[in-house]
Amino acid sequence: MPVRLTELAVEKLLPKEPGKRLEVVDAATPGLTLRVSGPRNKTWNVLYRVAATGGPGQRGENVRGKLQRISIGQWPVTNLKAARERAREVMEQADRGIDPAAAREEQAARRIAGSFEAVFERFVELHVKQNTKEGRFARDRAAAMERAKAGQVKLPPGPNGKLGRVAAERIIAENALPVWRGRGVETITRAEVHELLDDVITKRGSAMARELRKALTSLFNWAADRGHVPASPLAGMRRPELAYTARERVLSMEELGRVWTAAGEAAYPFGHMVRLIILTGQRRSEIAEMERGWIDADQRVVEIPAARYKTKRAHVFPLSVPAWALVEALPNWNGGDCLFSTTGGKRPVSGFSKAKLRLDELIAKRGAKEELPPMEPWTVHDLRRSVATHMARTGTPQEHIERVLGHVVQGVAGTYNRYSYLDEKRAALEGWGKLWKA
């Protein structure tokens, strides 16, 4: 029999017999019931029938569907007033022909799809692995490993047959995901992003915070474009301490010579890699990740696949006489195809920071011995800029230098051929190579 419930009456309700369950119908709210199993085990439910879902009646009219039950909360977290309001909402939905249970499942699915981790996962799959060099490499390697498991191809070289994570994926997963897991991506505020960056600066330093800001900016811009958030919480964010400073350091020929000499004294693979960077002017990552399959021995050229190159186009650069001699002298591994490796060719060389410190030590040691002034701080990427600058100073046309470096030359984007200007690039690098002796 329906009972006109009050908050006090709900509090006092108990089953008539231990181990039994009591169910009370609220007389004031159609469909609202309270299941009581104990003093603190009281659950609100609504019994409803969805309009026009039971098929035609005797007179051809659409009748209500079968009786259904939906839970709307636990007492006392959900008090009597709140339970009555939710029950009315459920009944109104049912009267409009909407199944409240199905609507709740759809809403939950939308919440899951709009969670930070779900949007992050789609960002990695649909953007990072499609539109970045590192991401495309990870995508292609994953596909190759699947084919290898099926016995279609030989397992590609890599770290123990395992997949690594793309930098943006790893940085967000390590720093942001533990904090924002389960949150709707649209609920993350600008203040919370600032707080996260501050925390990362304190625990892991400004360099990691800078990379995290870069990765999150890309993620939230993508999410805004896809409609997951109305606007990126990082848009226009001012964090001058995390800003990138454009480098303009150009090593003099004397400084390049000191680096060249120290690289000759350094152990494989880092010293050899640095010398090849000086000889070719290519990016550190492109030389570090070089594979023997990229080399055409007949023409003595290296062709970096489009999927592994920054501009998403294959890039070809010739190997001068000293560059070819350096490459020929490198170990030829049985277990992998990487030229510069500490894992038997299975994966490219890493640990650049420690190797760079070792190179600086060698430069300082020789400098002290020869009573030379200390070298100003430099980075490996400064070598590429320095090579381009000094090639220009020796008379190499700027257009040819741009092609050696793999830059997209404006005006030829539609007719680009990766073997265009090969003779000019070879002449530029051969002339440059003559300045360096092993």
# chains A, B, ... in the order shown; residues from 1 in each chain; ligands from 1
>>> residues_around(residues="Leu383 of chain A", least_positions_apart="4", cutoff="10 Å", atoms="only C-alpha atoms", output="ChimeraX atom specification")
/A:249-251,256,259,274-275,277-279,281-284,378-379,387-389
>>> residues_around(residues="Leu435 of chain A", least_positions_apart="6", cutoff="10 Å", atoms="only C-alpha atoms", output="number ranges by chain")
A: 253, 257, 279, 322
>>> write_last_selection(atoms="C-alpha atoms", output="PDB file, in the first residue's frame")
ATOM      1  CA  MET A 253      85.210  26.697 -38.487  1.00  0.00           C
ATOM      2  CA  GLY A 257      87.201  21.525 -36.054  1.00  0.00           C
ATOM      3  CA  LEU A 279      79.698  16.014 -43.232  1.00  0.00           C
ATOM      4  CA  PRO A 322      84.674  11.070 -46.506  1.00  0.00           C
TER       5      PRO A 322
END
>>> residues_around(residues="Ser37 of chain A", least_positions_apart="2", cutoff="12 Å", atoms="only C-alpha atoms", output="list in words")
Leu13, Leu14, Pro15, Lys16, Glu17, Pro18, Gly19, Lys20, Arg21, Leu22, Glu23, Val24, Leu34, Arg35, Pro39, Arg40, Asn41, Lys42, Thr43, Trp44, Gln74 and Trp75 of chain A
>>> residues_around(residues="Leu359 of chain A", least_positions_apart="6", cutoff="12 Å", atoms="only C-alpha atoms", output="number ranges by chain")
A: 258-268, 270-275, 352-353, 365-366, 375, 377-380
>>> residues_around(residues="segment 329-333 of chain A", least_positions_apart="3", cutoff="12 Å", atoms="only C-alpha atoms", output="MDAnalysis selection string")
chainID A and resid 157 267:273 276 290:293 322:326 336:347 438
>>> decode(residues="segment 332-343 of chain A", atoms="N, CA and C atoms", output="PDB file, in the first residue's frame")
ATOM      1  N   ASN A 332      78.431  -3.777 -39.344  1.00  0.00           N
ATOM      2  CA  ASN A 332      77.316  -4.330 -40.113  1.00  0.00           C
ATOM      3  C   ASN A 332      76.692  -5.432 -39.268  1.00  0.00           C
ATOM      4  N   TRP A 333      75.629  -5.083 -38.577  1.00  0.00           N
ATOM      5  CA  TRP A 333      75.040  -5.990 -37.591  1.00  0.00           C
ATOM      6  C   TRP A 333      74.268  -7.132 -38.245  1.00  0.00           C
ATOM      7  N   ASN A 334      74.219  -8.258 -37.560  1.00  0.00           N
ATOM      8  CA  ASN A 334      73.400  -9.382 -38.027  1.00  0.00           C
ATOM      9  C   ASN A 334      71.967  -9.272 -37.513  1.00  0.00           C
ATOM     10  N   GLY A 335      71.806  -8.648 -36.332  1.00  0.00           N
ATOM     11  CA  GLY A 335      70.486  -8.644 -35.710  1.00  0.00           C
ATOM     12  C   GLY A 335      69.605  -7.469 -36.046  1.00  0.00           C
ATOM     13  N   GLY A 336      70.141  -6.450 -36.748  1.00  0.00           N
ATOM     14  CA  GLY A 336      69.321  -5.285 -37.044  1.00  0.00           C
ATOM     15  C   GLY A 336      69.930  -4.441 -38.142  1.00  0.00           C
ATOM     16  N   ASP A 337      69.197  -3.422 -38.553  1.00  0.00           N
ATOM     17  CA  ASP A 337      69.560  -2.631 -39.725  1.00  0.00           C
ATOM     18  C   ASP A 337      70.030  -1.229 -39.385  1.00  0.00           C
ATOM     19  N   CYS A 338      69.997  -0.853 -38.100  1.00  0.00           N
ATOM     20  CA  CYS A 338      70.374   0.511 -37.709  1.00  0.00           C
ATOM     21  C   CYS A 338      71.895   0.689 -37.789  1.00  0.00           C
ATOM     22  N   LEU A 339      72.327   1.817 -38.373  1.00  0.00           N
ATOM     23  CA  LEU A 339      73.763   2.075 -38.495  1.00  0.00           C
ATOM     24  C   LEU A 339      74.380   2.479 -37.172  1.00  0.00           C
ATOM     25  N   PHE A 340      73.673   3.316 -36.425  1.00  0.00           N
ATOM     26  CA  PHE A 340      74.199   3.803 -35.155  1.00  0.00           C
ATOM     27  C   PHE A 340      73.367   3.188 -34.039  1.00  0.00           C
ATOM     28  N   SER A 341      73.957   2.237 -33.331  1.00  0.00           N
ATOM     29  CA  SER A 341      73.176   1.448 -32.388  1.00  0.00           C
ATOM     30  C   SER A 341      74.061   0.904 -31.277  1.00  0.00           C
ATOM     31  N   THR A 342      73.463   0.730 -30.112  1.00  0.00           N
ATOM     32  CA  THR A 342      74.141   0.036 -29.009  1.00  0.00           C
ATOM     33  C   THR A 342      73.419  -1.266 -28.688  1.00  0.00           C
ATOM     34  N   THR A 343      72.500  -1.665 -29.557  1.00  0.00           N
ATOM     35  CA  THR A 343      71.719  -2.893 -29.348  1.00  0.00           C
ATOM     36  C   THR A 343      71.878  -3.842 -30.527  1.00  0.00           C
TER      37      THR A 343
END
